[in-house]
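Shown below: input_25.cif, with mmCIF, C-alpha atoms.
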data_work
loop_
_atom_site.label_atom_id
_atom_site.label_comp_id
_atom_site.auth_asym_id
_atom_site.auth_seq_id
_atom_site.Cartn_x
_atom_site.Cartn_y
_atom_site.Cartn_z
CA MET A 1 0.00 0.00 0.00
CA ASN A 2 2.77 2.38 1.01
CA LYS A 3 4.67 1.49 -2.11
CA VAL A 4 1.70 2.18 -4.36
CA ALA A 5 1.27 5.61 -2.79
CA ALA A 6 4.97 6.28 -3.21
CA LEU A 7 4.77 5.29 -6.86
CA GLY A 8 1.86 7.69 -7.33
CA VAL A 9 3.83 10.56 -5.79
CA ILE A 10 6.78 9.74 -8.01
CA VAL A 11 4.67 9.78 -11.16
CA ILE A 12 3.33 13.21 -10.24
CA LEU A 13 6.84 14.48 -9.49
CA GLY A 14 8.06 13.03 -12.78
CA ILE A 15 5.33 14.84 -14.69
CA PHE A 16 6.29 18.11 -13.02
CA ILE A 17 9.99 17.71 -13.79
CA GLN A 18 9.15 16.79 -17.37
CA MET A 19 6.99 19.89 -17.71
CA ALA A 20 9.74 22.08 -16.28
CA LEU A 21 12.32 20.61 -18.65
CA HIS A 22 10.16 21.14 -21.71
CA ASP A 23 8.88 24.58 -20.77
CA SER A 24 9.08 26.56 -24.00
CA ASN A 25 8.64 30.03 -22.52
CA PRO A 26 11.64 32.28 -23.12
CA GLY A 27 14.35 31.80 -20.55
CA LYS A 28 12.90 28.57 -19.18
CA GLY A 29 13.21 24.89 -19.92
CA ALA A 30 16.26 22.76 -20.48
CA PHE A 31 16.24 22.95 -24.26
CA PRO A 32 16.23 26.70 -24.91
CA GLU A 33 16.18 28.27 -28.31
CA LYS A 34 19.62 29.35 -29.41
CA SER A 35 20.12 32.21 -27.00
CA SER A 36 22.13 35.14 -28.22
CA SER A 37 23.98 35.92 -25.01
CA LEU A 38 24.89 33.67 -22.11
CA VAL A 39 26.40 34.82 -18.83
CA ALA A 40 29.07 32.23 -19.41
CA ASP A 41 30.26 34.06 -22.52
CA SER A 42 31.30 37.07 -20.52
CA TYR A 43 33.06 34.78 -18.06
CA LEU A 44 34.88 33.12 -20.95
CA THR A 45 35.91 36.39 -22.55
CA LYS A 46 36.71 37.89 -19.12
CA SER A 47 34.45 40.85 -19.72
CA VAL A 48 32.09 41.08 -16.79
CA SER A 49 33.01 44.57 -15.62
CA GLN A 50 35.32 45.73 -18.38
CA LYS A 51 35.34 45.57 -22.15
CA ALA A 52 36.44 42.28 -23.63
CA PRO A 53 39.82 42.32 -25.41
CA ALA A 54 39.64 41.43 -29.08
CA GLU A 55 41.65 38.27 -28.62
CA ILE A 56 42.57 36.12 -25.65
CA SER A 57 45.67 34.00 -25.72
CA PRO A 58 47.82 32.32 -23.07
CA GLY A 59 50.37 34.76 -21.72
CA ASP A 60 48.06 37.76 -21.83
CA THR A 61 48.39 40.19 -18.97
CA LYS A 62 45.96 42.94 -18.05
CA LEU A 63 42.93 40.70 -18.25
CA GLU A 64 40.10 41.03 -15.79
CA ASN A 65 41.03 37.68 -14.34
CA GLY A 66 44.10 35.59 -15.01
CA ALA A 67 42.79 32.09 -14.40
CA ALA A 68 43.02 29.84 -17.46
CA ASN A 69 40.45 27.48 -15.96
CA VAL A 70 37.22 29.41 -16.32
CA VAL A 71 35.32 27.25 -13.84
CA THR A 72 37.65 28.18 -10.99
CA SER A 73 37.54 31.83 -11.99
CA VAL A 74 33.77 31.61 -11.62
CA VAL A 75 33.89 29.72 -8.32
CA VAL A 76 36.51 31.77 -6.52
CA ASP A 77 36.60 35.13 -8.24
CA TYR A 78 33.28 36.10 -9.81
CA ARG A 79 31.16 34.18 -7.34
CA GLY A 80 33.60 34.22 -4.43
CA PHE A 81 30.95 35.34 -2.01
CA ASP A 82 28.97 32.23 -2.88
CA THR A 83 31.99 30.11 -2.05
CA LEU A 84 32.35 31.87 1.29
CA GLY A 85 28.80 30.76 2.08
CA GLU A 86 29.60 27.23 0.99
CA VAL A 87 32.65 27.09 3.21
CA THR A 88 30.53 28.44 6.06
CA ILE A 89 28.12 25.55 5.59
CA LEU A 90 31.03 23.14 5.82
CA PHE A 91 32.05 24.82 9.06
CA ALA A 92 28.51 24.47 10.39
CA VAL A 93 28.54 20.77 9.51
CA ALA A 94 31.83 20.17 11.31
CA ALA A 95 30.62 22.11 14.34
CA GLY A 96 27.28 20.30 14.36
CA ILE A 97 28.91 16.89 14.26
CA GLY A 98 31.24 17.94 17.03
CA LEU A 99 28.20 18.96 19.05
CA PHE A 100 26.27 15.74 18.46
CA LEU A 101 29.11 13.36 19.06
CA LYS A 102 30.99 15.02 21.89
CA LYS A 103 31.98 13.57 25.26
CA ARG A 104 32.31 9.95 24.50
CA PRO A 105 34.60 7.39 26.06
CA HIS A 106 37.72 6.79 24.03
CA PHE A 107 38.27 3.26 22.97
CA LYS A 108 41.32 1.05 22.81
CA PRO A 109 42.06 0.93 19.12
CA ARG A 110 42.96 -2.28 17.33
CA GLN A 111 46.64 -2.45 16.42
CA PRO A 112 47.35 -1.87 12.75
CA GLY A 113 48.83 -4.68 10.68
CA THR A 114 52.32 -4.77 9.21
CA ILE A 115 51.20 -3.83 5.71
CA LEU A 116 49.45 -0.71 6.94
CA LYS A 117 52.38 0.29 9.13
CA THR A 118 55.05 -0.06 6.44
CA LEU A 119 53.21 1.29 3.44
CA VAL A 120 51.29 4.20 4.90
CA PRO A 121 54.21 6.67 5.26
CA LEU A 122 55.08 6.14 1.60
CA ALA A 123 51.48 6.45 0.41
CA VAL A 124 50.74 9.47 2.58
CA PHE A 125 53.77 11.26 1.15
CA PHE A 126 52.42 10.93 -2.39
CA ILE A 127 48.85 11.68 -1.34
CA PHE A 128 49.91 14.95 0.26
CA ILE A 129 51.97 15.93 -2.78
CA THR A 130 49.09 15.16 -5.15
CA GLY A 131 46.60 16.97 -2.95
CA SER A 132 48.67 20.13 -2.70
CA TYR A 133 49.40 19.96 -6.44
CA VAL A 134 45.67 19.82 -7.15
CA PHE A 135 44.83 22.82 -5.05
CA LEU A 136 47.80 24.93 -6.09
CA HIS A 137 47.05 24.35 -9.77
CA GLY A 138 43.34 25.03 -9.43
CA HIS A 139 43.51 28.03 -11.73
CA LEU A 140 45.17 26.03 -14.52
CA THR A 141 43.82 22.51 -14.46
CA PRO A 142 40.57 20.87 -13.33
CA GLY A 143 40.48 20.48 -9.58
CA GLY A 144 40.98 23.12 -6.95
CA GLY A 145 40.60 23.50 -3.23
CA PHE A 146 37.75 21.12 -2.64
CA PRO A 147 39.09 17.93 -4.30
CA GLY A 148 42.62 18.76 -3.15
CA GLY A 149 41.44 19.20 0.43
CA ALA A 150 39.54 15.93 0.26
CA MET A 151 42.72 14.16 -0.88
CA MET A 152 44.72 15.61 1.99
CA ALA A 153 42.01 14.49 4.41
CA ALA A 154 42.27 10.97 2.99
CA GLY A 155 45.97 11.09 3.81
CA VAL A 156 45.22 12.19 7.35
CA VAL A 157 42.79 9.28 7.75
CA LEU A 158 45.44 6.83 6.57
CA LEU A 159 47.93 8.27 9.05
CA ALA A 160 45.42 8.02 11.86
CA LEU A 161 44.69 4.40 10.97
CA SER A 162 48.35 3.45 10.96
CA ILE A 163 49.49 5.34 14.05
CA ARG A 164 46.32 4.44 15.90
CA LYS A 165 46.23 6.97 18.61
CA SER A 166 42.80 8.41 18.94
CA MET A 167 42.65 11.59 16.88
CA ARG A 168 41.72 14.83 18.56
CA SER A 169 39.50 17.08 16.53
CA VAL A 170 40.40 20.27 18.41
CA PHE A 171 43.58 20.83 16.43
CA PHE A 172 41.72 20.51 13.15
CA LYS A 173 38.97 22.83 14.33
CA ILE A 174 41.52 25.54 15.21
CA LEU A 175 43.25 25.16 11.83
CA GLU A 176 39.92 25.37 10.07
CA SER A 177 38.85 28.49 11.93
CA LEU A 178 42.16 30.16 11.07
CA ALA A 179 41.60 29.35 7.40
CA GLY A 180 38.07 30.73 7.56
CA ILE A 181 39.25 33.94 9.22
CA SER A 182 41.91 34.48 6.59
CA PHE A 183 39.30 33.94 3.83
CA VAL A 184 37.21 36.76 5.29
CA ALA A 185 40.32 38.89 5.87
CA ILE A 186 41.28 38.64 2.20
CA GLY A 187 37.74 39.66 1.30
CA LEU A 188 38.01 42.66 3.61
CA ILE A 189 41.34 43.70 2.08
CA GLY A 190 39.56 43.72 -1.28
CA LEU A 191 36.80 45.84 0.22
CA TYR A 192 39.33 48.29 1.65
CA THR A 193 41.56 48.68 -1.39
CA LYS A 194 39.16 48.22 -4.32
CA GLY A 195 35.79 49.00 -2.83
CA SER A 196 34.10 45.63 -3.08
CA PHE A 197 34.20 42.51 -0.91
CA LEU A 198 36.49 39.75 -2.24
CA GLN A 199 37.56 41.85 -5.19
CA ASN A 200 40.79 40.96 -6.91
CA PHE A 201 43.38 43.36 -5.48
CA LEU A 202 46.48 41.48 -6.56
CA GLY A 203 46.33 41.82 -10.34
CA ALA A 204 45.74 39.14 -12.92
CA GLY A 205 49.21 38.04 -13.96
CA ALA A 206 49.87 36.29 -17.25
CA LEU A 207 47.14 33.90 -18.32
CA GLY A 208 48.25 30.29 -18.12
CA ASN A 209 51.34 30.80 -15.96
CA LEU A 210 51.64 29.02 -12.64
CA TYR A 211 52.17 32.34 -10.88
CA SER A 212 49.07 34.06 -12.13
CA ALA A 213 45.59 34.78 -10.85
CA TRP A 214 46.96 35.39 -7.37
CA LEU A 215 43.59 35.79 -5.71
CA VAL A 216 42.34 32.45 -7.04
CA MET A 217 45.55 30.73 -6.01
CA ILE A 218 45.60 32.13 -2.47
CA LEU A 219 41.90 31.57 -1.87
CA TYR A 220 42.12 28.01 -3.18
CA PHE A 221 45.11 27.37 -0.93
CA ILE A 222 43.03 28.56 2.04
CA ILE A 223 40.01 26.55 0.93
CA GLY A 224 42.18 23.46 0.47
CA ILE A 225 43.55 23.74 4.03
CA LYS A 226 40.08 24.43 5.36
CA VAL A 227 38.41 21.49 3.62
CA ALA A 228 41.20 19.12 4.65
CA ALA A 229 40.95 20.24 8.28
CA GLU A 230 37.18 20.03 8.25
CA LEU A 231 36.97 16.55 6.81
CA SER A 232 39.66 15.36 9.23
CA SER A 233 37.79 16.83 12.18
CA VAL A 234 34.55 15.15 11.06
CA ILE A 235 36.34 11.82 10.84
CA ALA A 236 38.03 12.38 14.19
CA ASP A 237 34.65 13.04 15.78
CA PHE A 238 33.16 9.88 14.33
CA ASP A 239 36.26 7.91 15.24
CA GLN A 240 36.11 8.83 18.91
CA MET A 241 32.72 7.33 19.44
CA GLU A 242 33.09 3.92 17.85
CA GLU A 243 32.91 2.05 21.11
CA GLY A 244 30.85 4.64 22.91
CA GLY A 245 27.66 3.39 21.28
CA LYS A 246 27.74 0.08 23.14
CA GLN A 247 29.45 0.66 26.48
CA MET B 1 19.21 8.38 -29.19
CA ASN B 2 20.52 11.89 -28.74
CA LEU B 3 23.21 12.02 -26.06
CA THR B 4 21.74 15.10 -24.41
CA VAL B 5 18.36 13.45 -24.06
CA LEU B 6 20.02 10.35 -22.66
CA LEU B 7 21.83 12.42 -20.01
CA TYR B 8 18.62 14.21 -19.09
CA PHE B 9 16.82 10.90 -18.84
CA GLY B 10 19.59 9.57 -16.59
CA GLY B 11 19.35 12.50 -14.19
CA PHE B 12 15.58 12.35 -14.26
CA SER B 13 15.42 8.66 -13.39
CA LEU B 14 18.08 8.99 -10.69
CA ILE B 15 16.00 11.69 -8.98
CA LEU B 16 12.86 9.58 -9.13
CA THR B 17 14.67 6.44 -7.90
CA GLY B 18 16.12 8.35 -4.98
CA PHE B 19 12.77 9.87 -4.12
CA TYR B 20 11.13 6.44 -4.12
CA GLY B 21 13.84 5.23 -1.74
CA VAL B 22 13.29 8.21 0.56
CA LEU B 23 9.54 7.58 0.62
CA THR B 24 9.56 3.83 1.19
CA GLY B 25 12.82 3.22 3.08
CA LYS B 26 12.59 1.96 6.64
CA ASN B 27 16.28 1.72 7.40
CA LEU B 28 17.66 5.19 8.07
CA ILE B 29 21.00 4.48 6.42
CA ARG B 30 19.13 3.48 3.29
CA VAL B 31 17.16 6.72 3.37
CA ILE B 32 20.43 8.65 3.48
CA LEU B 33 21.75 6.59 0.57
CA ALA B 34 18.57 7.33 -1.36
CA LEU B 35 19.07 11.05 -0.69
CA GLY B 36 22.58 10.66 -2.09
CA ILE B 37 21.20 9.04 -5.25
CA MET B 38 18.70 11.87 -5.61
CA GLU B 39 21.47 14.42 -5.20
CA ALA B 40 23.54 12.70 -7.88
CA GLY B 41 20.53 12.95 -10.20
CA VAL B 42 20.09 16.66 -9.53
CA ASN B 43 23.80 17.27 -10.14
CA LEU B 44 23.68 15.34 -13.40
CA LEU B 45 20.66 17.32 -14.54
CA LEU B 46 22.36 20.62 -13.68
CA VAL B 47 25.62 19.74 -15.38
CA THR B 48 23.75 18.56 -18.45
CA THR B 49 22.26 22.03 -18.94
CA GLY B 50 25.79 23.17 -19.78
CA PHE B 51 26.41 20.25 -22.11
CA LYS B 52 27.02 20.92 -25.79
CA PRO B 53 27.88 18.26 -28.34
CA LYS B 54 31.58 18.16 -29.20
CA ALA B 55 32.38 21.00 -26.80
CA ILE B 56 35.83 21.47 -25.27
CA PRO B 57 36.35 21.98 -21.54
CA PRO B 58 36.31 25.67 -20.51
CA ILE B 59 40.06 26.00 -20.00
CA ILE B 60 41.87 28.56 -22.10
CA VAL B 61 44.90 26.86 -23.63
CA LYS B 62 44.84 28.33 -27.14
CA SER B 63 44.24 31.87 -28.28
CA PHE B 64 40.83 32.74 -29.64
CA LYS B 65 39.03 35.83 -30.89
CA THR B 66 36.40 36.97 -28.42
CA LEU B 67 33.91 37.61 -31.22
CA SER B 68 33.95 34.00 -32.36
CA LEU B 69 34.06 31.87 -29.22
CA PRO B 70 35.10 28.27 -29.71
CA ASN B 71 32.63 25.61 -28.62
CA PHE B 72 33.28 25.76 -24.88
CA ALA B 73 31.13 23.83 -22.44
CA ASP B 74 29.16 26.16 -20.19
CA PRO B 75 31.31 26.76 -17.06
CA LEU B 76 28.54 28.18 -14.88
CA PRO B 77 26.56 24.98 -14.15
CA GLN B 78 29.84 23.21 -13.40
CA ALA B 79 30.72 25.86 -10.81
CA LEU B 80 27.26 25.60 -9.25
CA VAL B 81 27.43 21.81 -9.10
CA LEU B 82 30.76 22.07 -7.29
CA THR B 83 28.88 23.94 -4.56
CA SER B 84 26.06 21.44 -4.60
CA ILE B 85 28.41 18.46 -4.17
CA VAL B 86 29.93 20.04 -1.08
CA ILE B 87 26.48 20.72 0.39
CA GLY B 88 25.58 17.10 -0.36
CA PHE B 89 28.59 15.94 1.62
CA GLY B 90 27.51 18.15 4.51
CA ILE B 91 23.98 16.75 4.52
CA THR B 92 25.23 13.16 4.46
CA ALA B 93 27.75 13.68 7.25
CA LEU B 94 25.37 15.55 9.54
CA SER B 95 22.55 13.06 9.06
CA LEU B 96 24.91 10.16 9.77
CA ALA B 97 25.81 11.86 13.05
CA LEU B 98 22.10 12.19 13.80
CA ILE B 99 21.62 8.49 13.04
CA VAL B 100 24.32 7.68 15.59
CA LYS B 101 22.37 9.62 18.21
CA TYR B 102 19.13 7.93 17.11
CA ASN B 103 20.75 4.54 17.50
CA GLU B 104 21.86 5.42 21.01
CA GLU B 105 18.37 6.50 21.99
CA ASN B 106 16.42 3.68 20.42
CA GLY B 107 18.87 0.84 19.93
CA THR B 108 17.94 0.48 16.28
CA ILE B 109 18.14 2.38 13.04
CA LYS B 110 14.88 1.07 11.61
CA MET B 111 11.97 3.43 11.83
CA ASP B 112 9.12 0.89 12.08
CA GLU B 113 10.72 -1.09 14.90
CA VAL B 114 10.62 1.96 17.11
CA GLU B 115 7.00 2.69 16.37
CA ASN B 116 5.93 -0.74 17.60
CA SER B 117 7.82 -0.64 20.88
CA GLU B 118 7.09 2.97 21.61
CA GLU B 119 6.34 3.79 25.20
CA VAL B 120 4.67 6.99 26.19
CA VAL B 121 7.07 8.71 28.56
CA GLU B 122 5.59 10.94 31.18
#
Reformat the file's structure so that it appears as structure tokens.
Amino acid sequence: MNKVAALGVIVILGIFIQMALHDSNPGKGAFPEKSSSLVADSYLTKSVSQKAPAEISPGDTKLENGAANVVTSVVVDYRGFDTLGEVTILFAVAAGIGLFLKKRPHFKPRQPGTILKTLVPLAVFFIFITGSYVFLHGHLTPGGGFPGGAMMAAGVVLLALSIRKSMRSVFFKILESLAGISFVAIGLIGLYTKGSFLQNFLGAGALGNLYSAWLVMILYFIIGIKVAAELSSVIADFDQMEEGGKQ
Amino acid sequence: MNLTVLLYFGGFSLILTGFYGVLTGKNLIRVILALGIMEAGVNLLLVTTGFKPKAIPPIIVKSFKTLSLPNFADPLPQALVLTSIVIGFGITALSLALIVKYNEENGTIKMDEVENSEEVVE
């Protein structure tokens, strides 16, 4: 009976989604008529607040934004305020989990095996290098702070498994708060020097170089550290309670 | 079949599958998994709105004239989905923590088992 009702609800929802996808009114629907101007075009030609140059090529200076990877220039530069909100949600998640799962008895961890003990230092070395590569090259290649931070957190988990002392989440929470504060501080510097929150105050640099798009690079470095610390603190919180459930 | 339509259909059916799981699931972990499936469907649908056949990724590696843009994939939905994935992680993690608390209170993670043995406190 329940299942039949659920199927009915799903059919109705399906009809609604279908209608929304095939809405033919201008500006709606998933299959629009060939639209003359997309927002994305001005992101691609780097002409949101200034006139687009006639030609864009790698090595150009004096662009509005120097990130070769347009997706990261959208995430961190044009919509940086959005990303600040996203990072705040991550902070709220980490804090909420810390609140729910606090004050639990620590448990005697199982000793790690030989394979784990010998191989983890080697693996963690490469994981950290790859993670930091991904978030430092966010403005050039696919990736950025979020996947890079997740990789670093995976390394931290491996280390915790092999060393097997119960992790403390306080250290990670402090690191994360510092990263969050510096994110806001960089936004405020932009507000002070250029008149708008999170505005690029460091110049664009040459498109396609490693040392370009300074704002994107610095913010992604901060986001990478923040995400890594957050994920590690979440895992540390869950880890602490494993035995606490039974007692 | 057109690839765009196939991608839309994929996202569409993932959303509906996940929603069915949310509606009928008894085990809380399964409900969370169903939410994850639903989220994957929404992300696929969003990313597909920026899909163009034979488009190149929106990374500037060659010079181009701004009047005649090459066939770049739309970067905006990709940036939005990046946000949505992170929010999805947050939802999953926080609800798992809530399930841990639920398990401590009730000794089970199945919703119907609690309803049967419910005692009116106070």
As a check of understanding, name the residues that the PyMOL selection byres ((chain A) within 6 of (chain B)) selects in the supplied structure, as a PDB file with C-alpha atoms, keeping the file's coordinate frame.
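Result file follows (expr-v1.pdb):
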ATOM      1  CA  THR A  45      35.910  36.390 -22.550  1.00  0.00           C
ATOM      2  CA  ALA A  54      39.640  41.430 -29.080  1.00  0.00           C
ATOM      3  CA  GLU A  55      41.650  38.270 -28.620  1.00  0.00           C
ATOM      4  CA  ILE A  56      42.570  36.120 -25.650  1.00  0.00           C
ATOM      5  CA  SER A  57      45.670  34.000 -25.720  1.00  0.00           C
ATOM      6  CA  ALA A  68      43.020  29.840 -17.460  1.00  0.00           C
ATOM      7  CA  ASN A  69      40.450  27.480 -15.960  1.00  0.00           C
ATOM      8  CA  VAL A  70      37.220  29.410 -16.320  1.00  0.00           C
ATOM      9  CA  VAL A  71      35.320  27.250 -13.840  1.00  0.00           C
ATOM     10  CA  VAL A  75      33.890  29.720  -8.320  1.00  0.00           C
ATOM     11  CA  VAL A  93      28.540  20.770   9.510  1.00  0.00           C
TER      12      VAL A  93
END
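The closest residue to A:Leu231, picked from A:Pro121, A:Leu90, A:Leu210, A:Leu188 and counting all atoms listed in the file, is A:Leu90.
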**Asked** Neighbours of A:Gly80 within 12 Å (all atoms listed in the file; same-chain residues fewer than 3 positions away dropped), as a PyMOL selection string?
**Response** (chain A and resi 71-77+83-87+183-184+186-187+190+196-200+215-216+219-220+223) or (chain B and resi 79-80+83)
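Interatomic distance, atom CA of A:Phe172 against atom CA of A:Gly143: 22.8 Å.
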Box centre and edge lengths (Å, one decimal), axis-aligned, stretch 89-108 of chain B plus 6 Å each side, as AutoDock Vina command-line options:
--center_x 22.5 --center_y 9.3 --center_z 11.8 --size_x 24.2 --size_y 29.7 --size_z 32.4
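A straight-line distance of 18.0 Å separates atom CA of A:Met1 from atom CA of B:Asn27.
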**Prompt:** atom CA of A:His139 to atom CA of A:Ala213: how many Å, to one decimal?
**Reply:** 7.1 Å
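Put simply, the PyMOL selection byres ((chain A and resi 225-227) around 8) on this file hits Leu90, Gly145, Phe146, Gly149, Ala150, Ala153, Leu175, Glu176, Ser177, Ala179, Gly180, Phe221, Ile222, Ile223, Gly224, Ala228, Ala229, Glu230 and Leu231 of chain A.
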**Request:** Might you pull out every residue within 10 Å of B:Leu3, with all atoms listed in the file counted and same-chain residues fewer than 3 positions away left off, and present them as JSON, numbers by chain?
**Result:** {"B": [6, 7, 8, 9, 51, 52, 53]}
